[in-house]
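As stored in final-v5.cif (mmCIF, C-alpha atoms):
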data_input
loop_
_atom_site.group_PDB
_atom_site.id
_atom_site.type_symbol
_atom_site.label_atom_id
_atom_site.label_comp_id
_atom_site.auth_asym_id
_atom_site.auth_seq_id
_atom_site.Cartn_x
_atom_site.Cartn_y
_atom_site.Cartn_z
ATOM 1 C CA MET A 1368 -200.883 33.115 -180.412
ATOM 2 C CA PRO A 1369 -198.186 35.165 -178.635
ATOM 3 C CA LEU A 1370 -197.259 38.343 -180.464
ATOM 4 C CA ASP A 1371 -193.565 37.520 -180.574
ATOM 5 C CA THR A 1372 -194.257 34.324 -182.538
ATOM 6 C CA LEU A 1373 -195.651 36.276 -185.490
ATOM 7 C CA PRO A 1374 -193.390 37.362 -188.355
ATOM 8 C CA VAL A 1375 -192.114 40.901 -187.869
ATOM 9 C CA GLU A 1376 -193.905 42.077 -191.029
ATOM 10 C CA LEU A 1377 -197.230 40.930 -189.587
ATOM 11 C CA ARG A 1378 -196.494 42.460 -186.185
ATOM 12 C CA LEU A 1379 -195.800 45.827 -187.789
ATOM 13 C CA HIS A 1380 -199.163 45.601 -189.541
ATOM 14 C CA VAL A 1381 -200.912 44.779 -186.253
ATOM 15 C CA TYR A 1382 -199.335 47.761 -184.490
ATOM 16 C CA GLU A 1383 -200.991 50.169 -186.917
ATOM 17 C CA TYR A 1384 -204.404 49.188 -185.496
ATOM 18 C CA LEU A 1385 -203.530 49.958 -181.882
ATOM 19 C CA PRO A 1386 -205.328 53.119 -180.619
ATOM 20 C CA GLU A 1387 -202.182 54.493 -178.957
ATOM 21 C CA LEU A 1388 -200.269 54.236 -182.251
ATOM 22 C CA ARG A 1389 -202.964 55.488 -184.601
ATOM 23 C CA ILE A 1390 -202.153 58.199 -187.109
ATOM 24 C CA ASN A 1391 -202.840 61.871 -186.254
ATOM 25 C CA ARG A 1392 -202.955 61.150 -182.539
ATOM 26 C CA HIS A 1393 -202.274 64.343 -180.541
ATOM 27 C CA GLU A 1394 -199.693 63.906 -177.810
ATOM 28 C CA SER A 1395 -199.099 66.637 -175.236
ATOM 29 C CA VAL A 1396 -195.596 66.371 -173.807
ATOM 30 C CA ALA A 1397 -196.461 67.531 -170.297
ATOM 31 C CA PRO A 1398 -195.611 66.677 -166.679
ATOM 32 C CA HIS A 1399 -197.265 63.685 -165.040
ATOM 33 C CA THR A 1400 -198.065 62.061 -168.391
ATOM 34 C CA PRO A 1401 -196.130 59.175 -169.965
ATOM 35 C CA LEU A 1402 -193.936 60.275 -172.845
ATOM 36 C CA THR A 1403 -194.564 57.059 -174.760
ATOM 37 C CA PRO A 1404 -197.448 54.540 -174.920
ATOM 38 C CA GLY A 1405 -197.378 51.481 -172.717
ATOM 39 C CA ILE A 1406 -196.534 49.151 -175.587
ATOM 40 C CA CYS A 1407 -193.328 51.121 -176.204
ATOM 41 C CA ARG A 1408 -192.298 50.446 -172.616
ATOM 42 C CA ALA A 1409 -193.348 46.794 -172.382
ATOM 43 C CA SER A 1410 -190.071 45.282 -173.577
ATOM 44 C CA THR A 1411 -186.921 46.133 -175.475
ATOM 45 C CA TRP A 1412 -188.014 44.486 -178.709
ATOM 46 C CA LEU A 1413 -191.494 46.032 -178.571
ATOM 47 C CA ARG A 1414 -189.950 49.447 -178.020
ATOM 48 C CA ARG A 1415 -187.626 48.929 -180.977
ATOM 49 C CA GLU A 1416 -190.539 48.025 -183.257
ATOM 50 C CA THR A 1417 -193.241 50.435 -182.036
ATOM 51 C CA LEU A 1418 -191.396 53.641 -181.124
ATOM 52 C CA PRO A 1419 -190.753 54.592 -184.785
ATOM 53 C CA ILE A 1420 -194.471 54.068 -185.541
ATOM 54 C CA TYR A 1421 -195.479 56.201 -182.571
ATOM 55 C CA ALA A 1422 -193.042 58.950 -183.602
ATOM 56 C CA ARG A 1423 -194.247 58.916 -187.213
ATOM 57 C CA ASN A 1424 -197.996 58.890 -186.534
ATOM 58 C CA ALA A 1425 -198.339 61.313 -183.610
ATOM 59 C CA HIS A 1426 -198.559 65.089 -183.558
ATOM 60 C CA PHE A 1427 -196.492 66.321 -180.606
ATOM 61 C CA GLY A 1428 -197.191 69.489 -178.644
ATOM 62 C CA ILE A 1429 -194.374 70.647 -176.361
ATOM 63 C CA GLN A 1430 -194.059 73.640 -174.029
ATOM 64 C CA ALA A 1431 -190.509 74.872 -174.576
ATOM 65 C CA ASP A 1432 -190.071 77.170 -171.558
ATOM 66 C CA ASP A 1433 -186.933 76.264 -169.596
ATOM 67 C CA ASN A 1434 -188.639 76.688 -166.230
ATOM 68 C CA ALA A 1435 -191.956 75.084 -167.149
ATOM 69 C CA TYR A 1436 -191.169 71.718 -165.594
ATOM 70 C CA PRO A 1437 -189.430 70.816 -162.344
ATOM 71 C CA LYS A 1438 -187.656 67.782 -163.816
ATOM 72 C CA GLY A 1439 -185.792 69.609 -166.561
ATOM 73 C CA ASN A 1440 -186.237 70.997 -170.039
ATOM 74 C CA ARG A 1441 -189.161 69.196 -171.652
ATOM 75 C CA VAL A 1442 -187.770 69.486 -175.171
ATOM 76 C CA GLN A 1443 -184.570 67.715 -174.136
ATOM 77 C CA ILE A 1444 -186.516 65.057 -172.230
ATOM 78 C CA TRP A 1445 -188.692 64.423 -175.296
ATOM 79 C CA LEU A 1446 -185.666 64.204 -177.594
ATOM 80 C CA SER A 1447 -183.886 61.804 -175.254
ATOM 81 C CA THR A 1448 -186.995 59.634 -174.983
ATOM 82 C CA LEU A 1449 -187.429 59.307 -178.746
ATOM 83 C CA ASN A 1450 -183.674 59.049 -179.300
ATOM 84 C CA ASP A 1451 -182.999 57.797 -182.835
ATOM 85 C CA SER A 1452 -186.746 57.694 -183.585
ATOM 86 C CA ILE A 1453 -186.735 61.506 -183.840
ATOM 87 C CA LYS A 1454 -185.981 60.969 -187.533
ATOM 88 C CA HIS A 1455 -189.469 59.471 -187.942
ATOM 89 C CA VAL A 1456 -191.333 62.480 -186.487
ATOM 90 C CA GLN A 1457 -193.637 64.125 -189.027
ATOM 91 C CA SER A 1458 -195.459 66.754 -186.980
ATOM 92 C CA PHE A 1459 -194.628 68.764 -183.862
ATOM 93 C CA GLN A 1460 -195.348 72.120 -182.269
ATOM 94 C CA LEU A 1461 -193.199 74.033 -179.789
ATOM 95 C CA SER A 1462 -194.863 76.723 -177.662
ATOM 96 C CA ARG A 1463 -193.127 79.441 -175.673
ATOM 97 C CA HIS A 1464 -194.279 82.231 -173.354
ATOM 98 C CA TRP A 1465 -192.924 85.730 -173.830
ATOM 99 C CA ALA A 1466 -190.438 86.756 -171.162
ATOM 100 C CA THR A 1467 -191.397 89.881 -169.230
ATOM 101 C CA ASN A 1468 -189.404 92.336 -167.180
ATOM 102 C CA GLY A 1469 -190.612 93.938 -163.989
ATOM 103 C CA PRO A 1470 -193.590 92.898 -161.857
ATOM 104 C CA PRO A 1471 -195.982 90.196 -163.094
ATOM 105 C CA THR A 1472 -198.790 91.429 -165.300
ATOM 106 C CA ARG A 1473 -202.326 90.193 -165.707
ATOM 107 C CA GLY A 1474 -202.369 87.125 -167.916
ATOM 108 C CA GLN A 1475 -198.608 86.579 -167.680
ATOM 109 C CA GLY A 1476 -197.823 82.939 -168.348
ATOM 110 C CA HIS A 1477 -200.688 82.679 -170.824
ATOM 111 C CA VAL A 1478 -199.368 84.955 -173.578
ATOM 112 C CA GLY A 1479 -196.970 83.375 -176.005
ATOM 113 C CA PHE A 1480 -196.241 82.055 -179.467
ATOM 114 C CA TYR A 1481 -195.809 78.723 -181.206
ATOM 115 C CA ILE A 1482 -193.899 77.198 -184.103
ATOM 116 C CA PHE A 1483 -195.459 74.312 -186.025
ATOM 117 C CA PHE A 1484 -193.466 71.942 -188.249
ATOM 118 C CA GLU A 1485 -195.141 69.324 -190.415
ATOM 119 C CA CYS A 1486 -194.143 66.880 -193.148
ATOM 120 C CA ARG A 1487 -197.297 65.217 -194.436
ATOM 121 C CA SER A 1488 -197.295 65.363 -198.233
ATOM 122 C CA GLU A 1489 -194.706 65.143 -200.996
ATOM 123 C CA ASP A 1490 -192.034 64.542 -198.329
ATOM 124 C CA ARG A 1491 -191.613 68.280 -197.829
ATOM 125 C CA TRP A 1492 -191.482 70.050 -194.485
ATOM 126 C CA LYS A 1493 -193.483 73.187 -193.822
ATOM 127 C CA VAL A 1494 -193.224 75.656 -190.953
ATOM 128 C CA SER A 1495 -195.813 78.077 -189.632
ATOM 129 C CA GLY A 1496 -196.434 79.917 -186.404
ATOM 130 C CA GLY A 1497 -198.704 82.198 -184.468
ATOM 131 C CA THR A 1498 -199.382 83.962 -181.195
ATOM 132 C CA TYR A 1499 -201.840 83.266 -178.398
ATOM 133 C CA PRO A 1500 -204.308 84.060 -176.946
ATOM 134 C CA LEU A 1501 -204.521 86.810 -179.588
ATOM 135 C CA ILE A 1502 -204.217 85.300 -183.061
ATOM 136 C CA HIS A 1503 -202.263 88.261 -184.431
ATOM 137 C CA ASP A 1504 -200.656 89.838 -181.389
ATOM 138 C CA GLY A 1505 -199.185 93.141 -182.542
ATOM 139 C CA ARG A 1506 -198.333 94.401 -179.073
ATOM 140 C CA ALA A 1507 -194.677 95.158 -178.333
ATOM 141 C CA GLY A 1508 -193.621 94.022 -181.800
ATOM 142 C CA ARG A 1509 -194.557 90.398 -181.136
ATOM 143 C CA GLY A 1510 -196.033 89.769 -184.560
ATOM 144 C CA GLU A 1511 -193.013 91.300 -186.277
ATOM 145 C CA THR A 1512 -190.513 89.267 -184.279
ATOM 146 C CA LEU A 1513 -192.442 86.079 -185.050
ATOM 147 C CA LEU A 1514 -192.272 86.818 -188.780
ATOM 148 C CA ARG A 1515 -188.502 87.280 -188.517
ATOM 149 C CA LEU A 1516 -188.201 84.012 -186.638
ATOM 150 C CA LEU A 1517 -190.213 82.139 -189.272
ATOM 151 C CA ARG A 1518 -188.075 83.569 -192.057
ATOM 152 C CA VAL A 1519 -184.867 82.463 -190.352
ATOM 153 C CA LEU A 1520 -186.219 78.973 -189.614
ATOM 154 C CA LYS A 1521 -187.223 78.509 -193.252
ATOM 155 C CA GLN A 1522 -183.739 79.475 -194.418
ATOM 156 C CA THR A 1523 -181.795 77.471 -191.842
ATOM 157 C CA VAL A 1524 -183.727 74.458 -190.568
ATOM 158 C CA LEU A 1525 -185.692 73.830 -193.774
ATOM 159 C CA ILE A 1526 -184.089 75.095 -196.985
ATOM 160 C CA ARG A 1527 -180.452 74.760 -195.914
ATOM 161 C CA GLY A 1528 -180.925 71.989 -193.388
ATOM 162 C CA VAL A 1529 -183.586 69.301 -193.631
ATOM 163 C CA GLU A 1530 -184.220 69.650 -197.374
ATOM 164 C CA LEU A 1531 -180.554 69.056 -198.234
ATOM 165 C CA ARG A 1532 -180.678 65.546 -196.759
ATOM 166 C CA GLY A 1533 -182.133 63.728 -199.724
ATOM 167 C CA GLU A 1534 -185.487 62.907 -201.270
ATOM 168 C CA LYS A 1535 -187.050 61.980 -197.916
ATOM 169 C CA PRO A 1536 -185.580 64.491 -195.460
ATOM 170 C CA GLN A 1537 -185.521 63.376 -191.846
ATOM 171 C CA LEU A 1538 -185.584 65.451 -188.708
ATOM 172 C CA ARG A 1539 -182.530 65.516 -186.449
ATOM 173 C CA ARG A 1540 -182.114 66.272 -182.784
ATOM 174 C CA GLU A 1541 -180.048 69.365 -183.546
ATOM 175 C CA ASP A 1542 -182.892 70.741 -185.698
ATOM 176 C CA VAL A 1543 -185.289 70.744 -182.752
ATOM 177 C CA GLU A 1544 -182.640 72.077 -180.373
ATOM 178 C CA GLY A 1545 -181.944 74.943 -182.776
ATOM 179 C CA ILE A 1546 -185.644 75.793 -183.058
ATOM 180 C CA ALA A 1547 -186.029 75.828 -179.265
ATOM 181 C CA ALA A 1548 -182.940 78.041 -178.880
ATOM 182 C CA ALA A 1549 -184.264 80.479 -181.491
ATOM 183 C CA MET A 1550 -187.647 80.656 -179.746
ATOM 184 C CA ASP A 1551 -185.931 81.323 -176.437
ATOM 185 C CA LEU A 1552 -183.929 84.161 -177.990
ATOM 186 C CA VAL A 1553 -187.082 85.749 -179.425
ATOM 187 C CA ALA A 1554 -189.015 85.338 -176.169
ATOM 188 C CA ARG A 1555 -186.297 87.098 -174.185
ATOM 189 C CA ARG A 1556 -186.099 90.135 -176.487
ATOM 190 C CA PRO A 1557 -189.355 91.968 -175.839
ATOM 191 C CA PHE A 1558 -189.791 95.266 -177.657
ATOM 192 C CA PRO A 1559 -191.015 98.398 -175.876
ATOM 193 C CA ALA A 1560 -194.806 98.537 -175.902
ATOM 194 C CA ASP A 1561 -194.995 102.186 -176.934
ATOM 195 C CA PRO A 1562 -197.286 102.732 -179.939
ATOM 196 C CA LEU A 1563 -196.555 106.474 -179.888
ATOM 197 C CA ALA A 1564 -192.856 105.841 -180.519
ATOM 198 C CA ASP A 1565 -193.649 104.224 -183.880
ATOM 199 C CA GLN A 1566 -195.324 107.425 -185.021
ATOM 200 C CA ARG A 1567 -191.992 109.242 -184.909
ATOM 201 C CA ALA A 1568 -189.214 108.748 -187.446
ATOM 202 C CA GLU A 1569 -186.622 107.957 -184.795
ATOM 203 C CA GLY A 1570 -188.978 105.449 -183.204
ATOM 204 C CA ARG A 1571 -189.556 103.631 -186.480
ATOM 205 C CA GLU A 1572 -185.831 103.572 -187.174
ATOM 206 C CA ALA A 1573 -185.109 102.178 -183.715
ATOM 207 C CA ARG A 1574 -187.656 99.393 -184.256
ATOM 208 C CA ARG A 1575 -186.201 98.565 -187.670
ATOM 209 C CA LYS A 1576 -182.714 98.384 -186.169
ATOM 210 C CA ALA A 1577 -183.943 96.197 -183.307
ATOM 211 C CA LEU A 1578 -185.554 93.767 -185.748
ATOM 212 C CA GLU A 1579 -182.385 93.616 -187.849
ATOM 213 C CA ASP A 1580 -180.307 92.932 -184.741
ATOM 214 C CA LEU A 1581 -182.714 90.187 -183.714
ATOM 215 C CA GLU A 1582 -182.526 88.537 -187.126
ATOM 216 C CA SER A 1583 -178.718 88.648 -187.065
ATOM 217 C CA ALA A 1584 -178.713 87.048 -183.616
ATOM 218 C CA LEU A 1585 -181.037 84.307 -184.875
ATOM 219 C CA TYR A 1586 -178.839 83.508 -187.866
ATOM 220 C CA ALA A 1587 -175.839 83.377 -185.527
ATOM 221 C CA LEU A 1588 -177.384 80.272 -183.936
ATOM 222 C CA TRP A 1589 -176.566 78.508 -187.215
ATOM 223 C CA PRO A 1590 -173.023 79.775 -187.993
ATOM 224 C CA GLU A 1591 -172.756 77.604 -191.104
ATOM 225 C CA TRP A 1592 -175.714 79.455 -192.644
ATOM 226 C CA SER A 1593 -175.256 82.931 -191.166
ATOM 227 C CA GLY A 1594 -173.707 84.164 -194.405
ATOM 228 C CA SER A 1595 -176.647 82.986 -196.526
ATOM 229 C CA ARG A 1596 -179.380 85.283 -195.290
ATOM 230 C CA ALA A 1597 -182.559 85.686 -197.275
ATOM 231 C CA SER A 1598 -182.934 88.904 -199.182
#
Take the structure in the file and give it back as structure tokens.
Amino acid sequence: MPLDTLPVELRLHVYEYLPELRINRHESVAPHTPLTPGICRASTWLRRETLPIYARNAHFGIQADDNAYPKGNRVQIWLSTLNDSIKHVQSFQLSRHWATNGPPTRGQGHVGFYIFFECRSEDRWKVSGGTYPLIHDGRAGRGETLLRLLRVLKQTVLIRGVELRGEKPQLRREDVEGIAAAMDLVARRPFPADPLADQRAEGREARRKALEDLESALYALWPEWSGSRAS
């Protein structure tokens, strides 16, 4: 029996058993790999019915560096591909390399941080993050800047953004774009890697001021919430 002869309710039930649409499937949004499963590209009506299921069930991993891909910003490509189905996404992770000044260093391009958003239980979103390859990278203030970023994202994207949209908050394109912009800002503000400076009062004060300036710049990405900073 052809699939399109089945009632839509039955078709939606069948889709849940397809391997490429199964729940908790990890999808790496990378070059040379399809952004959606084949069934989402088979026809217009199949795309309309299966793309929301794919978006809801998959965990997406995306490298957010602007220059990581020759065909454009991967975050924007992913958002454009999902289009309105972005509201069904329940789990995604953006990764970003730290920007460096001067000549390349050993391991450059492999040192970075990530932000992980997930909405799996009680219809509440959670955000977490970390650094790699070191789990708690304290060099050049990286761990401290990540903590500031997480605090701002909780106040803007979550508490004053997604969670104000009703009992079942849905993700929006501008949420992801804001997260990527905030990560880019953090990645491009490396702190001096001088542990001796932190042992002096003026060095500690300079670091505190730099972190405050960074947090203010992050809140400025969301002007409507910039006056509601967390204490």
Nearest residue to A:Glu1485 from the set A:Pro1500, A:Pro1536, A:Gly1570, A:Gly1508 (distances using all atoms listed in the file)
A:Pro1536
What is the atom CA of A:Gln1443-atom CA of A:Arg1509 distance in Å, reported with one decimal?
25.8 Å
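Against the coordinates shown, the PyMOL selection byres ((chain A and resi 1463) around 10) returns A:Ile1429, A:Gln1430, A:Ala1431, A:Asp1432, A:Asp1433, A:Ala1435, A:Leu1461, A:Ser1462, A:His1464, A:Trp1465, A:Ala1466, A:Gly1476, A:His1477, A:Val1478, A:Gly1479, A:Phe1480, A:Tyr1481, A:Ile1482, A:Thr1498, A:Tyr1499, A:Ala1547, A:Met1550, A:Asp1551, A:Val1553, A:Ala1554.
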Could you please take those selected residues and save C-alpha atoms as a compact mmCIF listing (two decimals), in the frame of the given file?
# COMPACT_ATOMS: atom_id res chain seq x y z
CA ILE A 1429 -194.37 70.65 -176.36
CA GLN A 1430 -194.06 73.64 -174.03
CA ALA A 1431 -190.51 74.87 -174.58
CA ASP A 1432 -190.07 77.17 -171.56
CA ASP A 1433 -186.93 76.26 -169.60
CA ALA A 1435 -191.96 75.08 -167.15
CA LEU A 1461 -193.20 74.03 -179.79
CA SER A 1462 -194.86 76.72 -177.66
CA HIS A 1464 -194.28 82.23 -173.35
CA TRP A 1465 -192.92 85.73 -173.83
CA ALA A 1466 -190.44 86.76 -171.16
CA GLY A 1476 -197.82 82.94 -168.35
CA HIS A 1477 -200.69 82.68 -170.82
CA VAL A 1478 -199.37 84.96 -173.58
CA GLY A 1479 -196.97 83.38 -176.00
CA PHE A 1480 -196.24 82.06 -179.47
CA TYR A 1481 -195.81 78.72 -181.21
CA ILE A 1482 -193.90 77.20 -184.10
CA THR A 1498 -199.38 83.96 -181.20
CA TYR A 1499 -201.84 83.27 -178.40
CA ALA A 1547 -186.03 75.83 -179.26
CA MET A 1550 -187.65 80.66 -179.75
CA ASP A 1551 -185.93 81.32 -176.44
CA VAL A 1553 -187.08 85.75 -179.42
CA ALA A 1554 -189.02 85.34 -176.17
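Separating atom CA of A:Leu1581 from atom CA of A:Arg1540 is a distance of 23.9 Å.
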Listed atoms of stretch 1498-1506 of chain A boxed axis-aligned with 6 Å per side, centre + edges as lines of an AutoDock Vina configuration file:
center_x = -201.4
center_y = 88.8
center_z = -180.7
size_x = 18.2
size_y = 23.1
size_z = 19.5
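Minimum distance to A:Arg1527 across A:Glu1541, A:Ser1452, A:Glu1579, A:Trp1589 (counting only C-alpha atoms) occurs at A:Trp1589.
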Fewer than 5 positions away in the same chain doesn't count, so skip those; otherwise give me all residues within 12 Å of A:Arg1408, counting only C-alpha atoms, as JSON, numbers by chain.
{"A": [1401, 1402, 1403, 1413, 1414, 1415, 1416, 1417, 1418, 1421, 1448, 1449]}
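Considering the residues A:Arg1392, A:His1399, A:Arg1518, A:Arg1506 and counting all atoms listed in the file, A:Ser1458 has its shortest atom-to-atom contact with A:Arg1392.
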To one decimal place, how far is atom CA of A:Arg1555 from atom CA of A:Val1543 in Å?
18.5 Å
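Here the question is which of A:Glu1572, A:Asp1490, A:Asp1371, A:Glu1511 gets nearest to A:Lys1535 using only C-alpha atoms, and that residue is A:Asp1490.
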In terms of the shortest atom-to-atom distance over all atoms listed in the file, which of A:Ala1409, A:Ile1502, A:Leu1585, A:Leu1578 is closest to A:Lys1521?
A:Leu1585
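Between A:Gly1496 and the candidates A:Asn1391, A:Thr1512, A:Asn1450, A:Thr1372, the tightest atom-to-atom separation, counting all atoms listed in the file, involves A:Thr1512.
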List the neighbours of A:Leu1525 out to 10 Å using only C-alpha atoms; skip same-chain residues closer than 4 positions along the sequence, and give me the result as a count of residues only.
14
Check what the PyMOL selection byres ((chain A and resi 1384-1390) around 7) selects in the file above and give those residues as a PyMOL selection string.
chain A and resi 1381-1383+1391-1392+1404+1420-1421+1424-1425
